[in-house]
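Printed here is my_file_36.txt (compact mmCIF, C-alpha atoms):
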# COMPACT_ATOMS: atom_id res chain seq x y z
CA MET A 91 64.15 -12.49 48.19
CA VAL A 92 65.07 -11.60 44.59
CA GLU A 93 66.26 -15.18 44.03
CA ASP A 94 62.97 -16.62 45.34
CA MET A 95 60.94 -14.40 43.07
CA CYS A 96 63.11 -15.20 40.07
CA PHE A 97 62.79 -18.93 40.86
CA LEU A 98 59.04 -18.56 40.98
CA TYR A 99 59.25 -16.70 37.70
CA LYS A 100 61.10 -19.64 36.13
CA GLU A 101 58.51 -22.06 37.48
CA ILE A 102 55.78 -20.06 35.85
CA LEU A 103 57.65 -20.03 32.55
CA VAL A 104 57.85 -23.84 32.41
CA MET A 105 54.21 -24.43 33.34
CA LYS A 106 52.05 -25.83 30.61
CA PRO A 107 49.37 -23.39 29.61
CA PRO A 108 45.85 -24.57 30.32
CA LYS A 109 43.90 -25.49 27.29
CA ARG A 110 40.84 -23.42 28.11
CA SER A 111 42.34 -19.88 28.72
CA PRO A 112 45.78 -19.34 27.11
CA MET A 113 45.24 -15.58 26.77
CA LEU A 114 44.61 -15.14 30.49
CA LEU A 115 47.71 -17.11 31.46
CA ARG A 116 49.86 -15.20 28.95
CA THR A 117 48.65 -11.90 30.42
CA ALA A 118 49.46 -13.06 33.99
CA VAL A 119 52.98 -14.08 32.96
CA ILE A 120 53.64 -10.71 31.32
CA ILE A 121 52.40 -8.74 34.35
CA PHE A 122 54.48 -10.81 36.77
CA SER A 123 57.59 -10.40 34.57
CA MET A 124 57.15 -6.65 34.61
CA VAL A 125 56.78 -6.54 38.44
CA CYS A 126 59.86 -8.74 38.92
CA GLY A 127 61.92 -6.61 36.50
CA VAL A 128 60.93 -3.33 38.16
CA PHE A 129 61.86 -4.69 41.61
CA ILE A 130 65.29 -5.92 40.47
CA PHE A 131 65.97 -2.62 38.69
CA SER A 132 65.09 -0.60 41.81
CA VAL A 133 67.47 -2.68 43.97
CA CYS A 134 70.35 -2.19 41.51
CA LEU A 135 69.63 1.53 41.20
CA LYS A 136 69.77 1.92 44.98
CA GLN A 137 73.16 0.17 45.15
CA ILE A 138 74.58 2.34 42.36
CA SER A 139 73.28 5.50 44.04
CA THR A 140 74.87 4.55 47.37
CA GLN A 141 78.22 3.79 45.75
CA ALA A 142 78.19 7.07 43.83
CA ARG A 143 77.39 9.03 46.98
CA THR A 144 80.22 7.32 48.89
CA THR A 145 82.69 8.06 46.09
CA PHE A 146 81.66 11.71 46.09
CA MET A 147 82.10 11.99 49.87
CA ASP A 148 85.56 10.39 49.66
CA PHE A 149 86.53 12.85 46.95
CA LYS A 150 85.48 15.77 49.13
CA VAL A 151 87.68 14.54 51.99
CA ILE A 152 90.68 14.15 49.70
CA ASP A 153 90.03 17.58 48.22
CA ASN A 154 89.95 19.22 51.66
CA HIS A 155 93.25 17.63 52.69
CA SER A 156 94.97 18.56 49.44
CA GLN A 157 94.07 22.23 49.16
CA SER A 158 97.43 23.43 50.54
CA ILE A 159 99.42 21.16 48.22
CA LEU A 160 97.36 22.28 45.22
CA LYS A 161 98.29 25.90 45.95
CA LEU A 162 101.94 25.00 45.33
CA MET A 163 101.37 23.01 42.13
CA ASN A 164 101.95 25.98 39.83
CA THR A 165 105.12 27.14 41.58
CA HIS A 166 107.20 24.10 40.60
CA LEU A 167 108.18 23.45 44.21
CA LEU A 168 107.00 19.88 44.33
CA HIS A 169 109.07 16.78 43.61
CA TYR A 170 108.49 13.09 42.95
CA PRO A 171 111.56 11.40 44.47
CA LYS A 172 112.61 7.92 43.38
CA PRO A 173 114.68 6.56 46.28
CA SER A 174 117.16 3.81 45.55
CA SER A 175 116.77 2.10 48.93
CA PHE A 176 113.03 1.37 48.81
CA SER A 177 109.89 1.78 46.71
CA ARG A 178 107.33 4.47 47.51
CA ASN A 179 104.65 2.06 46.27
CA GLU A 180 101.21 3.67 46.09
CA CYS A 181 102.73 7.00 47.24
CA ALA A 182 104.97 7.30 44.17
CA HIS A 183 102.57 9.86 42.70
CA ASN A 184 102.37 11.92 45.91
CA PRO A 185 104.40 15.13 45.57
CA VAL A 186 107.05 16.09 48.15
CA LEU A 187 108.29 19.56 49.10
CA PHE A 188 111.93 19.92 50.19
CA PHE A 189 112.81 22.18 53.12
CA ALA A 190 115.64 23.07 55.51
CA ILE A 191 115.46 24.65 58.96
CA LEU A 192 118.38 27.08 59.31
CA SER A 193 119.04 28.23 62.86
CA ASN A 194 121.49 28.77 65.72
CA GLN A 195 122.09 26.55 68.72
CA ARG A 196 119.73 27.18 71.65
CA SER A 197 117.16 29.02 69.54
CA GLY A 198 114.31 26.55 70.00
CA SER A 199 115.08 24.56 66.86
CA GLY A 200 114.89 21.19 68.65
CA TRP A 201 111.42 22.01 70.00
CA PHE A 202 110.34 23.44 66.65
CA GLU A 203 111.46 20.35 64.74
CA THR A 204 109.56 18.00 67.07
CA LEU A 205 106.46 20.09 66.41
CA LEU A 206 106.92 19.66 62.65
CA ASN A 207 107.59 15.94 62.99
CA SER A 208 104.31 15.50 64.87
CA HIS A 209 102.64 16.19 61.52
CA VAL A 210 101.78 12.92 59.84
CA ASN A 211 103.17 14.12 56.48
CA VAL A 212 106.52 15.60 57.61
CA SER A 213 109.94 13.97 57.88
CA SER A 214 112.62 16.28 59.32
CA TYR A 215 115.80 14.32 59.95
CA GLY A 216 117.42 16.42 62.65
CA GLU A 217 120.85 18.02 62.94
CA ILE A 218 122.54 15.87 60.32
CA PHE A 219 125.58 18.10 59.88
CA SER A 220 126.53 17.95 63.55
CA VAL A 221 128.68 15.03 62.36
CA ARG A 222 131.90 16.62 61.14
CA GLU A 223 132.59 14.09 58.36
CA ARG A 224 129.39 15.07 56.58
CA ARG A 225 130.49 18.70 56.31
CA GLN A 226 134.25 18.32 55.78
CA ASN A 227 133.96 19.75 52.24
CA VAL A 228 131.38 20.86 49.70
CA SER A 229 131.26 17.44 48.03
CA SER A 230 130.39 15.62 51.26
CA ILE A 231 127.73 18.24 52.06
CA LEU A 232 126.03 17.95 48.67
CA LEU A 233 126.15 14.15 48.72
CA THR A 234 124.47 14.17 52.13
CA LEU A 235 121.80 16.58 50.90
CA ASP A 236 121.13 14.37 47.88
CA LYS A 237 120.57 11.42 50.16
CA VAL A 238 118.11 13.40 52.30
CA TYR A 239 116.07 14.77 49.42
CA ASN A 240 116.05 11.45 47.53
CA LEU A 241 114.36 10.01 50.68
CA ASP A 242 117.29 7.63 51.21
CA TRP A 243 118.06 8.95 54.70
CA PHE A 244 116.75 6.84 57.56
CA ASN A 245 116.22 7.67 61.22
CA SER A 246 113.35 7.77 63.72
CA ALA A 247 111.77 10.74 61.91
CA SER A 248 111.43 8.89 58.60
CA LYS A 249 107.95 8.69 57.10
CA ASN A 250 109.47 8.10 53.71
CA GLU A 251 106.80 6.52 51.53
CA CYS A 252 104.06 9.11 52.01
CA SER A 253 105.98 12.18 53.18
CA ALA A 254 104.57 15.44 51.81
CA ALA A 255 107.50 17.51 53.10
CA THR A 256 111.01 16.31 53.92
CA GLY A 257 114.05 18.16 55.22
CA LEU A 258 116.58 18.67 57.99
CA LYS A 259 117.76 21.06 60.69
CA TRP A 260 121.03 22.89 60.00
CA MET A 261 122.98 25.15 62.35
CA LEU A 262 124.71 28.17 60.82
CA ASN A 263 128.12 27.13 62.24
CA GLN A 264 128.02 23.66 60.67
CA GLY A 265 129.57 24.49 57.30
CA LEU A 266 126.50 26.37 56.14
CA VAL A 267 127.99 29.87 56.13
CA GLU A 268 131.46 28.68 55.12
CA HIS A 269 130.09 27.11 51.92
CA HIS A 270 127.09 29.37 51.51
CA LYS A 271 127.57 30.04 47.79
CA GLU A 272 127.50 26.37 46.71
CA ILE A 273 124.72 25.52 49.15
CA ALA A 274 122.53 28.44 48.00
CA GLU A 275 123.00 27.29 44.39
CA TYR A 276 122.03 23.76 45.41
CA PHE A 277 118.93 24.98 47.26
CA ASN A 278 117.81 27.03 44.26
CA HIS A 279 118.51 24.20 41.83
CA ARG A 280 116.66 21.61 43.92
CA ARG A 281 113.95 24.15 44.86
CA VAL A 282 114.49 23.74 48.60
CA SER A 283 112.36 26.01 50.81
CA ILE A 284 114.12 27.51 53.84
CA ILE A 285 112.70 28.12 57.31
CA PHE A 286 114.89 30.60 59.20
CA LEU A 287 114.31 30.14 62.92
CA PHE A 288 115.84 32.87 65.09
CA ARG A 289 115.58 34.10 68.64
CA ARG A 290 114.96 37.80 69.23
CA ASN A 291 116.18 37.85 72.82
CA LEU A 292 119.86 37.01 72.37
CA LEU A 293 120.53 37.35 76.09
CA ARG A 294 118.20 34.44 76.81
CA ARG A 295 119.91 32.47 74.09
CA MET A 296 123.27 33.21 75.73
CA VAL A 297 122.01 31.95 79.10
CA SER A 298 120.76 28.75 77.47
CA MET A 299 124.07 28.23 75.66
CA LEU A 300 126.17 28.68 78.81
CA ALA A 301 123.91 26.42 80.88
CA ASN A 302 123.91 23.71 78.21
CA SER A 303 127.70 23.92 77.89
CA TYR A 304 128.07 23.55 81.66
CA ASP A 305 125.82 20.48 81.76
CA ARG A 306 127.91 18.70 79.12
CA TYR A 307 130.49 18.19 81.86
CA ALA A 308 128.42 18.44 85.04
CA LYS A 309 125.73 16.00 83.81
CA LEU A 310 123.22 17.15 86.42
CA LEU A 311 120.53 14.61 85.50
CA ASN A 312 121.82 11.43 87.13
CA GLY A 313 125.14 11.62 85.32
CA THR A 314 123.52 12.18 81.90
CA HIS A 315 123.69 15.27 79.72
CA LYS A 316 120.42 16.31 78.13
CA ALA A 317 120.10 19.24 75.77
CA HIS A 318 116.29 18.93 75.89
CA VAL A 319 114.05 17.59 78.63
CA HIS A 320 110.55 16.12 78.74
CA SER A 321 109.50 16.74 82.35
CA ALA A 322 109.09 19.73 84.66
CA GLU A 323 111.28 17.99 87.27
CA GLU A 324 114.22 17.68 84.88
CA ALA A 325 113.76 21.28 83.73
CA GLU A 326 113.83 22.51 87.33
CA ILE A 327 117.08 20.68 88.07
CA LEU A 328 118.84 22.12 85.02
CA SER A 329 117.54 25.64 85.65
CA LYS A 330 119.19 25.78 89.07
CA TYR A 331 122.54 26.45 87.46
CA LYS A 332 123.07 30.20 87.02
CA PRO A 333 125.86 31.15 84.61
CA ILE A 334 128.10 34.20 85.01
CA ILE A 335 128.00 36.35 81.88
CA ASN A 336 131.06 38.33 80.84
CA SER A 337 129.67 41.85 81.10
CA THR A 338 132.85 43.38 79.64
CA SER A 339 132.43 41.71 76.23
CA LEU A 340 128.62 41.40 76.41
CA LEU A 341 127.78 44.19 73.94
CA ASP A 342 130.28 42.90 71.38
CA ASP A 343 129.06 39.34 71.86
CA LEU A 344 125.43 40.32 71.26
CA LYS A 345 126.38 42.32 68.19
CA ASP A 346 128.35 39.37 66.81
CA MET A 347 125.33 37.08 67.31
CA GLU A 348 123.16 39.55 65.43
CA MET A 349 125.60 39.81 62.55
CA ARG A 350 125.83 36.03 62.09
CA SER A 351 122.07 35.77 61.57
CA ALA A 352 122.01 38.84 59.30
CA LYS A 353 124.78 37.33 57.15
CA ALA A 354 122.84 34.08 56.76
CA LEU A 355 119.77 36.00 55.59
CA GLU A 356 121.92 37.86 53.09
CA TYR A 357 123.60 34.70 51.76
CA PHE A 358 120.32 32.83 51.21
CA ASN A 359 118.09 35.75 50.28
CA SER A 360 117.65 34.38 46.74
CA THR A 361 115.93 31.23 48.00
CA ARG A 362 112.27 30.78 48.84
CA HIS A 363 112.19 31.32 52.59
CA ILE A 364 110.20 32.29 55.66
CA ILE A 365 111.52 33.89 58.87
CA VAL A 366 110.13 32.56 62.16
CA TYR A 367 110.97 33.80 65.65
CA TYR A 368 110.99 31.58 68.71
CA GLU A 369 109.24 34.22 70.83
CA ASP A 370 106.36 34.47 68.35
CA LEU A 371 105.85 30.70 68.44
CA MET A 372 105.86 30.73 72.25
CA ARG A 373 103.32 33.54 72.48
CA ASN A 374 101.08 32.43 69.65
CA HIS A 375 100.98 28.82 68.47
CA THR A 376 98.79 29.85 65.53
CA LYS A 377 102.07 30.97 63.94
CA LEU A 378 102.59 27.29 63.22
CA LYS A 379 99.74 27.53 60.72
CA ASP A 380 101.86 29.94 58.69
CA VAL A 381 104.68 27.38 58.64
CA GLN A 382 102.34 24.57 57.57
CA GLU A 383 100.95 26.75 54.80
CA PHE A 384 104.49 27.62 53.69
CA LEU A 385 105.24 23.89 53.42
CA GLY A 386 101.98 23.22 51.58
CA LEU A 387 100.68 20.94 54.33
CA PRO A 388 97.12 20.21 55.43
CA GLN A 389 96.59 22.02 58.74
CA MET A 390 97.04 19.90 61.87
CA GLU A 391 97.45 20.52 65.59
CA LEU A 392 101.19 20.12 66.21
CA THR A 393 102.54 18.89 69.53
CA SER A 394 105.87 18.41 71.32
CA ARG A 395 107.00 16.73 74.52
CA HIS A 396 109.78 19.27 75.06
CA VAL A 397 109.61 21.25 78.31
CA LYS A 398 111.12 24.73 78.56
CA ILE A 399 114.06 24.92 80.98
CA HIS A 400 114.55 28.61 81.79
CA ARG A 401 111.19 30.12 82.73
CA GLY A 402 110.44 33.45 84.36
CA PRO A 403 112.55 36.63 84.48
CA LEU A 404 116.20 36.47 83.46
CA SER A 405 117.21 37.91 86.83
CA ASP A 406 116.44 34.43 88.21
CA HIS A 407 118.88 32.75 85.84
CA ILE A 408 121.97 35.00 85.73
CA GLN A 409 124.37 34.97 88.67
CA ASN A 410 125.81 38.45 88.03
CA TRP A 411 122.49 40.02 87.09
CA ASP A 412 123.36 43.49 88.46
CA ASP A 413 126.42 43.73 86.19
CA VAL A 414 124.47 42.58 83.14
CA ASN A 415 121.59 44.92 83.92
CA LYS A 416 123.96 47.89 84.26
CA THR A 417 125.76 47.03 81.01
CA LEU A 418 122.63 46.84 78.87
CA LYS A 419 120.67 49.74 80.37
CA GLY A 420 120.39 52.59 77.87
CA THR A 421 121.63 50.47 74.92
CA ILE A 422 119.80 49.02 71.94
CA TYR A 423 119.76 45.71 73.83
CA GLU A 424 117.97 47.02 76.93
CA SER A 425 114.75 45.26 75.92
CA PHE A 426 116.50 41.91 76.44
CA LEU A 427 116.35 42.55 80.20
CA GLU A 428 112.55 42.38 80.15
CA ALA A 429 110.26 39.40 80.03
CA ASP A 430 109.33 38.68 76.41
CA TYR A 431 106.74 35.88 76.73
If you convert what's in this file into structure tokens, what do you get?
Amino acid sequence: MVEDMCFLYKEILVMKPPKRSPMLLRTAVIIFSMVCGVFIFSVCLKQISTQARTTFMDFKVIDNHSQSILKLMNTHLLHYPKPSSFSRNECAHNPVLFFAILSNQRSGSGWFETLLNSHVNVSSYGEIFSVRERRQNVSSILLTLDKVYNLDWFNSASKNECSAATGLKWMLNQGLVEHHKEIAEYFNHRRVSIIFLFRRNLLRRMVSMLANSYDRYAKLLNGTHKAHVHSAEEAEILSKYKPIINSTSLLDDLKDMEMRSAKALEYFNSTRHIIVYYEDLMRNHTKLKDVQEFLGLPQMELTSRHVKIHRGPLSDHIQNWDDVNKTLKGTIYESFLEADY
């Protein structure tokens, strides 16, 4: 429409003015030019206004998603890794927070890590130091950590280019306590944030450990050992095995489990850390919001396909329940006999 009007405008400009009324024609040309100019200006103004409004809306969305990261900006916890194996491209200016999940076997760390990895901005690379060669000495440990935090580690959890938080899961008995001094220094130097994940009910953890150890050889699921399952049917099959707990050494065993976790807290107390309990996560999934805030992440609903294996009262899962019950009654561990979630 604008083109047609402008064409007409050009036609008028090239017309020869009539001899009898040049003033009238000149006035008509001026009025038409003004109308055409006002129309074109209004169309352009509308386009500029729409573009400005869209830009403002986009900025608001970005601002909402970045609030958690901005809270960490002044604490010097953020990094801008430059991996040697690939280019971060447009994400090169996106900051990354480094973290490590420190835990014990059968404390819910596998489930917890899948929850974190369901976040679009998190890459947690699993139990890397379960491979003995990676923890054979301090040098091999630190080289492995460098590879992780430089974003040069690749597995199914990798979201390397635009990760906002990257880390790993590390069991206390995988060289972590043995080389705690050097590792704590590394964590402080690289500003790695630690998530301690523990289990309050150590008796339940013991049942899970014994059952998992048994299945390594029994392979109850069609000749395959699975430490974690994704269906209620598989969980029911594995839960049918009831371990016998050594009631004679039970009190000492529980105390030893407590001390191992306490030592880890002592060794890494100088680092930035948060303590999370499996039972709290099971009872109240809003606890995951605290973890996301700790990692400076935009809040998301986190999900996992893991299915819990040992449900219900512990009396259903321990073969010599009467002996265990008698041993713990009247001790500081008596609460472990009760249902906790």
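Between CA of Trp260 (chain A) and CA of Leu192 (chain A) the separation is 5.0 Å.
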Return as CSV the residues of region 216-237 of chain A lying at most 9 Å from region 262-282 of chain A, together with the closest atom-to-atom pair for each and the distance in Å to one decimal, counting all atoms listed in the file, with rows in chain order and ascending residue number.
residue,atom,partner,partner_atom,distance
A:Phe219,CA,A:Gln264,CA,6.1
A:Ser220,CA,A:Gln264,CA,6.6
A:Val221,CA,A:Gln264,CA,8.8
A:Arg222,CA,A:Gln264,CA,8.1
A:Arg225,CA,A:Gly265,CA,5.9
A:Gln226,CA,A:Gly265,CA,7.9
A:Asn227,CA,A:Gly265,CA,8.2
A:Val228,CA,A:His269,CA,6.8
A:Ile231,CA,A:Gly265,CA,8.4
A:Leu232,CA,A:Ile273,CA,7.7
Please produce a file of those selected residues containing C-alpha atoms, as an mmCIF file, keeping the file's coordinate frame.
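So the final result, stored in again-v3.cif, reads:
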data_model
loop_
_atom_site.group_PDB
_atom_site.id
_atom_site.type_symbol
_atom_site.label_atom_id
_atom_site.label_comp_id
_atom_site.auth_asym_id
_atom_site.auth_seq_id
_atom_site.Cartn_x
_atom_site.Cartn_y
_atom_site.Cartn_z
ATOM 1 C CA PHE A 219 125.580 18.100 59.880
ATOM 2 C CA SER A 220 126.530 17.950 63.550
ATOM 3 C CA VAL A 221 128.680 15.030 62.360
ATOM 4 C CA ARG A 222 131.900 16.620 61.140
ATOM 5 C CA ARG A 225 130.490 18.700 56.310
ATOM 6 C CA GLN A 226 134.250 18.320 55.780
ATOM 7 C CA ASN A 227 133.960 19.750 52.240
ATOM 8 C CA VAL A 228 131.380 20.860 49.700
ATOM 9 C CA ILE A 231 127.730 18.240 52.060
ATOM 10 C CA LEU A 232 126.030 17.950 48.670
#
Can you sort out the box for region 253-266 of chain A, edges along x, y and z, all listed atoms in, 4 Å on every side, with centre and edge lengths in Å to one decimal, as AutoDock Vina command-line options?
--center_x 117.1 --center_y 20.2 --center_z 57.1 --size_x 33.0 --size_y 24.0 --size_z 18.5
*asked:* Quick one: residues within 12 Å of Phe286 (chain A), only C-alpha atoms, excluding same-chain residues fewer than 6 positions away - as a ChimeraX atom specification?
replied: /A:189-194,197-199,202,259-262,351-352,354-356,358-359,361-368,381
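Proximity of A:Ser177, A:Ser230, A:Asn184, A:Asn207 to Arg395 (chain A), computed with all atoms listed in the file, is greatest for A:Asn207.
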*Mind pulling up the distance from CA of His400 (chain A) to CA of Leu340 (chain A)?*
19.8 Å
*At what distance in Å, to one decimal, does CA of Arg224 (chain A) lie from CA of Val319 (chain A)?*
27.0 Å
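Of the listed residues A:Gln195, A:Thr417, A:Asn211, A:Asn374, the one whose atoms come nearest to Ala317 (chain A) is A:Gln195, with distances taken using only C-alpha atoms.
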*When distances are computed from all atoms listed in the file, which of A:Leu427, A:Ile422, A:Leu235, A:Met390 shows the smallest separation from Gly402 (chain A)?*
A:Leu427
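With all atoms listed in the file as the atoms that count, the minimum distance from Leu292 (chain A) to the choices A:Glu348, A:Ser175, A:Asn410, A:Leu241 is reached by A:Glu348.
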*Which neighbours of Ser213 (chain A) fall inside 12 Å, counting all atoms listed in the file, when residues of the same chain fewer than 2 positions from it are skipped, and could you give them as a PyMOL selection string?*
chain A and resi 186-190+203-211+215-216+238-239+241-259+385
Export of the given selection (C-alpha atoms) as an mmCIF file, in the coordinates of the input:
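again.cif written:
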data_model
loop_
_atom_site.group_PDB
_atom_site.id
_atom_site.type_symbol
_atom_site.label_atom_id
_atom_site.label_comp_id
_atom_site.auth_asym_id
_atom_site.auth_seq_id
_atom_site.Cartn_x
_atom_site.Cartn_y
_atom_site.Cartn_z
ATOM 1 C CA VAL A 186 107.050 16.090 48.150
ATOM 2 C CA LEU A 187 108.290 19.560 49.100
ATOM 3 C CA PHE A 188 111.930 19.920 50.190
ATOM 4 C CA PHE A 189 112.810 22.180 53.120
ATOM 5 C CA ALA A 190 115.640 23.070 55.510
ATOM 6 C CA GLU A 203 111.460 20.350 64.740
ATOM 7 C CA THR A 204 109.560 18.000 67.070
ATOM 8 C CA LEU A 205 106.460 20.090 66.410
ATOM 9 C CA LEU A 206 106.920 19.660 62.650
ATOM 10 C CA ASN A 207 107.590 15.940 62.990
ATOM 11 C CA SER A 208 104.310 15.500 64.870
ATOM 12 C CA HIS A 209 102.640 16.190 61.520
ATOM 13 C CA VAL A 210 101.780 12.920 59.840
ATOM 14 C CA ASN A 211 103.170 14.120 56.480
ATOM 15 C CA TYR A 215 115.800 14.320 59.950
ATOM 16 C CA GLY A 216 117.420 16.420 62.650
ATOM 17 C CA VAL A 238 118.110 13.400 52.300
ATOM 18 C CA TYR A 239 116.070 14.770 49.420
ATOM 19 C CA LEU A 241 114.360 10.010 50.680
ATOM 20 C CA ASP A 242 117.290 7.630 51.210
ATOM 21 C CA TRP A 243 118.060 8.950 54.700
ATOM 22 C CA PHE A 244 116.750 6.840 57.560
ATOM 23 C CA ASN A 245 116.220 7.670 61.220
ATOM 24 C CA SER A 246 113.350 7.770 63.720
ATOM 25 C CA ALA A 247 111.770 10.740 61.910
ATOM 26 C CA SER A 248 111.430 8.890 58.600
ATOM 27 C CA LYS A 249 107.950 8.690 57.100
ATOM 28 C CA ASN A 250 109.470 8.100 53.710
ATOM 29 C CA GLU A 251 106.800 6.520 51.530
ATOM 30 C CA CYS A 252 104.060 9.110 52.010
ATOM 31 C CA SER A 253 105.980 12.180 53.180
ATOM 32 C CA ALA A 254 104.570 15.440 51.810
ATOM 33 C CA ALA A 255 107.500 17.510 53.100
ATOM 34 C CA THR A 256 111.010 16.310 53.920
ATOM 35 C CA GLY A 257 114.050 18.160 55.220
ATOM 36 C CA LEU A 258 116.580 18.670 57.990
ATOM 37 C CA LYS A 259 117.760 21.060 60.690
ATOM 38 C CA LEU A 385 105.240 23.890 53.420
#
